[in-house]
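For reference, the structure discussed in these notes is given below.
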There are 2 protein chains.
Amino acid sequence: MKFEAVTIKDIAKELGISTSTVSRALRDSYEISPETKKLVIECAERLDYRPNPIALSLKEKRSRSIGVVVCEIANSFFSQAINGIESIAYSKGYNVIISQSNESFEREVTDLNYLASRSVDGLLISISSGTTNMEHFQKLHSRGLPIVFFDRVTEELNTHRVVVDNFKSTYEATLHLINGGYKRIACILNAPHLSIAQERIAGYKAALKEKGFEPDESLIKTCQQGGALHQEVEKAVNEILKMKPRPDAIIGLSDKLTTGCLRVLQAKKIKVPEEMGLLGFSNSDLTELLDPPLTIIRQPAFEMGEISTQLLIDIIESKRPTRDYTKRTLETELIVRRSSQKKVK
Amino acid sequence: MKFEAVTIKDIAKELGISTSTVSRALRDSYEISPETKKLVIECAERLDYRPNPIALSLKEKRSRSIGVVVCEIANSFFSQAINGIESIAYSKGYNVIISQSNESFEREVTDLNYLASRSVDGLLISISSGTTNMEHFQKLHSRGLPIVFFDRVTEELNTHRVVVDNFKSTYEATLHLINGGYKRIACILNAPHLSIAQERIAGYKAALKEKGFEPDESLIKTCQQGGALHQEVEKAVNEILKMKPRPDAIIGLSDKLTTGCLRVLQAKKIKVPEEMGLLGFSNSDLTELLDPPLTIIRQPAFEMGEISTQLLIDIIESKRPTRDYTKRTLETELIVRRSSQKKVK
DNA sequence: AAAAACTGCGCAAACGTTTACAGCTGATTT
DNA sequence: AAATCAGCTGTAAACGTTTGCGCAGTTTTT
């Protein structure tokens, strides 16, 4: 089952000229006469010739493709980010190869090595929650492979980073809850070591302090699997419900956790927002239709994808080694809906 | 910004032997003495050698990668299907390259050509709604590139197809509505020329007839954009609401259409399921949490991805040209929730 | 009229790998 | 002592493409 493509050789043979002439004619080199060019181009079209990018990659040591590693694409945030990535990449003539780490460190390492050996020209990474050691990134980066981190980033590599203002996002969300009359606000997060988690927790605590509440560590629950396992979320919510005094609001620090909370609360017939306020990160466009409509922190996923890709391509195409790396911080949007509003205004 | 990798040449130079010996040693050829092998393997590990798949692709005319073209990955059905695809592909040593057609014929053609020139060993396709002409598939297929269609398929190519029993899915769903007391059931679909749309409409009509209702073409509304544009869905729902006598239930034939209907009905404060029953295709795991919880037809997306990939790899790896192609039909699942049940049981 | 410059094209090497074939040892068989 | 053989390793070509160099033939300059 071989798939035979038309090559430059076929054109050369057809026309009785050398492959180098064909190559040059197709790249419109000044060394080739207009007549020959016309002949070659006509013949290429007739035979439906397409350059073989594999041969090109081998020769030029670049593939005009960029690798993307995210934890999972079946997640609104990441699929939207990927749309942003593709929109820029395609317009610049780059192909995008997507892989999923499924939040596993091992899988992330495997993916990374595959992409690197596949000669991607650069990497767009959102770190897996299972990752604490950054050596696999460092190794590739020090060997000269351009890397841009987005969303889940690390300070351990000197490179571009595209993030949202995580601190502000939860700071504002927490203020919103407090101003709405909630007095004891719990928080569920996934991987505590991730930068995004730490910043989000910090914003939450800062808002509490500002309003005169003492942050209470026992109100912060961790779901290692990030909501992939329903039981884990259920356990966390149950713990919250059993606390005395019982918290009156929950903030979910990731998409799956936020909707996971709602699922548990619905199942237990806890009234949201009356008995328990709820808000959290989510980029799903169904949150508006939920029961109750969910107050969410929405990240500019598409835009983050666009910016990351632009930065990456800038590094790839820059003549001299890039030295001054930037950190781009975008704003989140707090979309207030019923789930976080105790009293009808 | 070049990324220099260790090659077989480096090992050869380091050890003062030829590249062919290194190559053979690494592939554990019987021609190489155990001592040399040990030396080479040790050296390869020390230098962190990784075979260059690009060079391999060029040589072997295969890339151990498969291309996937779907309309969009930010769609639960497709992202779940992709997870199925990846699970099989990775276990068999294949890489997956995903591209999105965004329901555009032109984009589909571009993607396809890119993937083909990129020497993918095979293609997994779900046809874009903008596609009516199958020549681009036929061209590649006749040149020997293995293709498997899933979900949205065509009869115009003789190859494997993996689908759900679309007829039965809407047949059962419609029966469910009729049995629940709904008397005038409308239907919203996207691209009428797609096989899935036609089969689903046929199932819907068959159920109506069986129950003594005459199918009424004016009850079938088309949204060309498939729900990507909210206005389009709004217009369709408005038309349905204005009909006399007014229909009392709607079936959405795609994920975005189903949730789009709910969005419009909620906005108009139409009570679901009392004033208007609603059900439809969806693979989102949030449908259960919607207001009201949505009755859905769920497709075995992950499994479809798995099966398609398995079939594709079978063709790719088969020694002799495959001639007898199969059509695998899987069952959908009707998950009954409140949105389609007028009276509380 | 000779030298220089230009035009248009082909040769061959390179990218990293595999593999058919040939070649070189030393040992065993005649 | 010659012939055969086994065991191991090297040479070179191939995959498709680009590109530095060189070589004709023509035109321009001296």
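Naming works like this for the structure tokens: A, B, ... for the chains as they're shown, residue 1 at the start of each chain, ligands 1 onward in shown order.
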
Residue neighbourhood A:Glu72, 9 Å, only C-alpha atoms (C1' of nucleotides), exclusion window fewer than 5 positions, as a list of chain:residue names: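 The residues that qualify are A:Phe78, A:Ser79, A:Ser99, A:Gln100, A:Ser101, A:Asn102, A:Glu103, B:Ser79, B:Asn83.
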
Export, as a PDB file, in the first residue's frame, the selected residues with N, CA and C atoms.
```pdb
ATOM      1  N   PHE A  78      -8.791  24.639  26.433  1.00  0.00           N
ATOM      2  CA  PHE A  78      -7.719  24.237  25.544  1.00  0.00           C
ATOM      3  C   PHE A  78      -8.163  24.139  24.090  1.00  0.00           C
ATOM      4  N   SER A  79      -9.391  23.690  23.867  1.00  0.00           N
ATOM      5  CA  SER A  79      -9.786  23.609  22.467  1.00  0.00           C
ATOM      6  C   SER A  79      -9.934  25.000  21.872  1.00  0.00           C
ATOM      7  N   SER A  99      -0.583  17.250  20.908  1.00  0.00           N
ATOM      8  CA  SER A  99      -0.621  16.032  21.718  1.00  0.00           C
ATOM      9  C   SER A  99      -1.151  16.325  23.104  1.00  0.00           C
ATOM     10  N   GLN A 100      -1.660  15.296  23.715  1.00  0.00           N
ATOM     11  CA  GLN A 100      -2.287  15.439  25.026  1.00  0.00           C
ATOM     12  C   GLN A 100      -1.465  14.701  26.071  1.00  0.00           C
ATOM     13  N   SER A 101      -1.244  15.359  27.184  1.00  0.00           N
ATOM     14  CA  SER A 101      -0.473  14.706  28.246  1.00  0.00           C
ATOM     15  C   SER A 101      -1.381  13.990  29.235  1.00  0.00           C
ATOM     16  N   ASN A 102      -2.676  14.267  29.186  1.00  0.00           N
ATOM     17  CA  ASN A 102      -3.594  13.673  30.166  1.00  0.00           C
ATOM     18  C   ASN A 102      -3.124  13.884  31.590  1.00  0.00           C
ATOM     19  N   GLU A 103      -2.519  15.017  31.828  1.00  0.00           N
ATOM     20  CA  GLU A 103      -2.029  15.396  33.167  1.00  0.00           C
ATOM     21  C   GLU A 103      -0.952  14.453  33.695  1.00  0.00           C
TER      22      GLU A 103
ATOM     23  N   SER B  79     -13.886  15.757  20.188  1.00  0.00           N
ATOM     24  CA  SER B  79     -12.737  15.651  21.079  1.00  0.00           C
ATOM     25  C   SER B  79     -12.727  14.287  21.754  1.00  0.00           C
ATOM     26  N   ASN B  83      -9.814  11.377  21.339  1.00  0.00           N
ATOM     27  CA  ASN B  83      -9.216  10.610  22.429  1.00  0.00           C
ATOM     28  C   ASN B  83      -9.183   9.123  22.098  1.00  0.00           C
TER      29      ASN B  83
END
```

Select, as a PyMOL selection string, those residues of chain D with any atom no more than 10 Å from chain A (distances computed using only C-alpha atoms (C1' of nucleotides)). chain D and resi 15-19

Mind checking which residues fall within 10 Å of C:DG10, counting only C-alpha atoms (C1' of nucleotides), ignoring those fewer than 6 positions away in the same chain, and posting them as a list in words?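 Once the nearby chain positions are removed, what remains is Ile17, Ser18, Thr19, Ser20 and Thr21 of chain A; DG22 and DC23 of chain D.
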
Per-residue DSSP, stretch 214-264 of chain A, filtered to alpha helix (DSSP H), as a ChimeraX atom specification: /A:230-242,255-264

Let's have the selection written as a compact mmCIF listing (two decimals), in the first residue's frame, with C-alpha atoms.
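selection_21.txt, freshly written:
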```txt
# COMPACT_ATOMS: atom_id res chain seq x y z
CA HIS A 230 -16.12 12.47 39.99
CA GLN A 231 -15.61 10.74 43.33
CA GLU A 232 -12.75 13.01 44.15
CA VAL A 233 -14.85 16.11 43.67
CA GLU A 234 -17.67 14.49 45.57
CA LYS A 235 -15.37 13.81 48.48
CA ALA A 236 -14.11 17.37 48.53
CA VAL A 237 -17.59 18.85 48.39
CA ASN A 238 -18.77 16.47 51.09
CA GLU A 239 -15.98 17.58 53.34
CA ILE A 240 -16.96 21.16 52.77
CA LEU A 241 -20.59 20.42 53.52
CA LYS A 242 -19.71 18.71 56.77
CA ASP A 255 -13.29 24.07 34.58
CA LYS A 256 -13.96 20.47 35.55
CA LEU A 257 -13.92 21.32 39.24
CA THR A 258 -16.46 24.09 38.89
CA THR A 259 -18.96 22.01 36.96
CA GLY A 260 -18.08 19.01 39.12
CA CYS A 261 -19.13 20.96 42.21
CA LEU A 262 -22.41 21.88 40.65
CA ARG A 263 -22.99 18.25 39.81
CA VAL A 264 -22.48 17.19 43.40
```

With distances taken over only C-alpha atoms (C1' of nucleotides), which of D:DA1, D:DA14, D:DC21, D:DC8 is nearest to C:DT18? D:DA14

Go ahead and compute the interatomic distance for atom CA of A:Ile82 and atom CA of B:Glu108, in Å to one decimal.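 Distance between the two atoms: 17.5 Å.
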
Computed interatomic separation between atom CA of A:Ile316 and atom CA of A:Cys71 (Å): 23.9 Å

Write down, as number ranges by chain, each residue of chain C that has any atom within 12 Å of an atom of chain B, counting only C-alpha atoms (C1' of nucleotides). C: 15-20

Long-range neighbours of D:DT30 as a compact mmCIF listing (two decimals) with C-alpha atoms (C1' of nucleotides), in the first residue's frame, 10 Å cut-off, only C-alpha atoms (C1' of nucleotides), 6 positions minimum in chain:
```txt
# COMPACT_ATOMS: atom_id res chain seq x y z
C1' DA C 2 41.41 38.79 -27.12
C1' DA C 3 39.61 39.12 -22.50
C1' DA C 4 35.98 39.58 -19.42
```

At a cut-off of 7 Å, which residues of chain A touch chain B? Count only C-alpha atoms and give the answer as a ChimeraX atom specification. /A:1-3,50,52-55,58,73-74,76,79-80,97-98,117-118,143-145,263,289-291,316,321

Excluding B:Val336 and any residue of its chain fewer than 2 positions from it, enumerate the residues within 9 Å of it, using only C-alpha atoms (C1' of nucleotides), and give them as a VMD selection string. chain B and resid 176 279 294 to 297 334 338 to 341

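When atom CA of B:Glu274 is paired with atom CA of B:Ile185, their separation reads 13.6 Å.
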
Per DSSP on the backbone, what are the strand (DSSP E or B) residues of stretch 21-255 of chain A, as a PyMOL selection string? chain A and resi 65-70+95-100+122-125+147-150+160-164+185-189+220-222+249-252

Please identify all polymer residues within 9 Å of stretch 27-30 of chain C, counting only C-alpha atoms (C1' of nucleotides), omitting same-chain residues fewer than 5 positions from it, and present them as a list in words.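 Skipping anything fewer than 5 positions along the chain leaves DA2, DA3, DT4, DC5 and DA6 of chain D.
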
Using the selection just defined, write its residues with N, CA and C atoms (P, O5', C5', C4', C3', O3' and C1' of nucleotides) as a short mmCIF file (atom, residue, chain, number, x, y, z; two decimals), in the first residue's frame.
```cif
data_model
loop_
_atom_site.label_atom_id
_atom_site.label_comp_id
_atom_site.auth_asym_id
_atom_site.auth_seq_id
_atom_site.Cartn_x
_atom_site.Cartn_y
_atom_site.Cartn_z
P DA D 2 49.34 -23.39 -2.48
"O5'" DA D 2 47.80 -23.61 -2.82
"C5'" DA D 2 47.44 -24.71 -3.64
"C4'" DA D 2 45.96 -25.01 -3.44
"C3'" DA D 2 45.03 -23.82 -3.70
"O3'" DA D 2 44.04 -24.23 -4.63
"C1'" DA D 2 44.54 -24.81 -1.59
P DA D 3 42.99 -23.18 -5.20
"O5'" DA D 3 41.69 -23.57 -4.37
"C5'" DA D 3 41.28 -24.94 -4.34
"C4'" DA D 3 40.11 -25.09 -3.38
"C3'" DA D 3 39.02 -24.03 -3.55
"O3'" DA D 3 37.76 -24.67 -3.63
"C1'" DA D 3 39.70 -24.13 -1.29
P DT D 4 36.44 -23.85 -3.98
"O5'" DT D 4 35.75 -23.77 -2.56
"C5'" DT D 4 35.44 -24.98 -1.85
"C4'" DT D 4 35.03 -24.64 -0.44
"C3'" DT D 4 33.89 -23.63 -0.34
"O3'" DT D 4 32.78 -24.25 0.31
"C1'" DT D 4 35.62 -23.12 1.20
P DC D 5 31.35 -23.54 0.39
"O5'" DC D 5 31.39 -22.98 1.89
"C5'" DC D 5 31.93 -23.78 2.94
"C4'" DC D 5 32.10 -22.93 4.18
"C3'" DC D 5 31.00 -21.88 4.35
"O3'" DC D 5 30.37 -22.06 5.59
"C1'" DC D 5 33.17 -20.94 4.71
P DA D 6 28.94 -21.42 5.86
"O5'" DA D 6 29.18 -20.84 7.32
"C5'" DA D 6 30.18 -21.41 8.16
"C4'" DA D 6 30.73 -20.36 9.09
"C3'" DA D 6 29.69 -19.33 9.53
"O3'" DA D 6 29.86 -19.11 10.92
"C1'" DA D 6 31.54 -18.22 8.55
#
```

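When the distance limit is 8 Å and only C-alpha atoms (C1' of nucleotides) are what count, the residues near A:Tyr94, minus those fewer than 5 positions from it on the same chain, are Arg64, Ser65, Ile66 and Ala89 of chain A.
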
Selected residues written out, N, CA and C atoms, as a PDB file, in the first residue's frame:
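That gives us part-v7.pdb:
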```pdb
ATOM      1  N   ARG A  64       8.601  23.540   9.544  1.00  0.00           N
ATOM      2  CA  ARG A  64       7.460  24.446   9.467  1.00  0.00           C
ATOM      3  C   ARG A  64       6.253  23.854  10.184  1.00  0.00           C
ATOM      4  N   SER A  65       6.531  23.230  11.301  1.00  0.00           N
ATOM      5  CA  SER A  65       5.424  22.766  12.114  1.00  0.00           C
ATOM      6  C   SER A  65       5.741  23.067  13.569  1.00  0.00           C
ATOM      7  N   ILE A  66       4.713  23.302  14.355  1.00  0.00           N
ATOM      8  CA  ILE A  66       4.938  23.545  15.766  1.00  0.00           C
ATOM      9  C   ILE A  66       4.150  22.534  16.574  1.00  0.00           C
ATOM     10  N   ALA A  89      -0.935  30.034  13.278  1.00  0.00           N
ATOM     11  CA  ALA A  89       0.036  29.123  12.674  1.00  0.00           C
ATOM     12  C   ALA A  89      -0.238  28.942  11.188  1.00  0.00           C
TER      13      ALA A  89
END
```
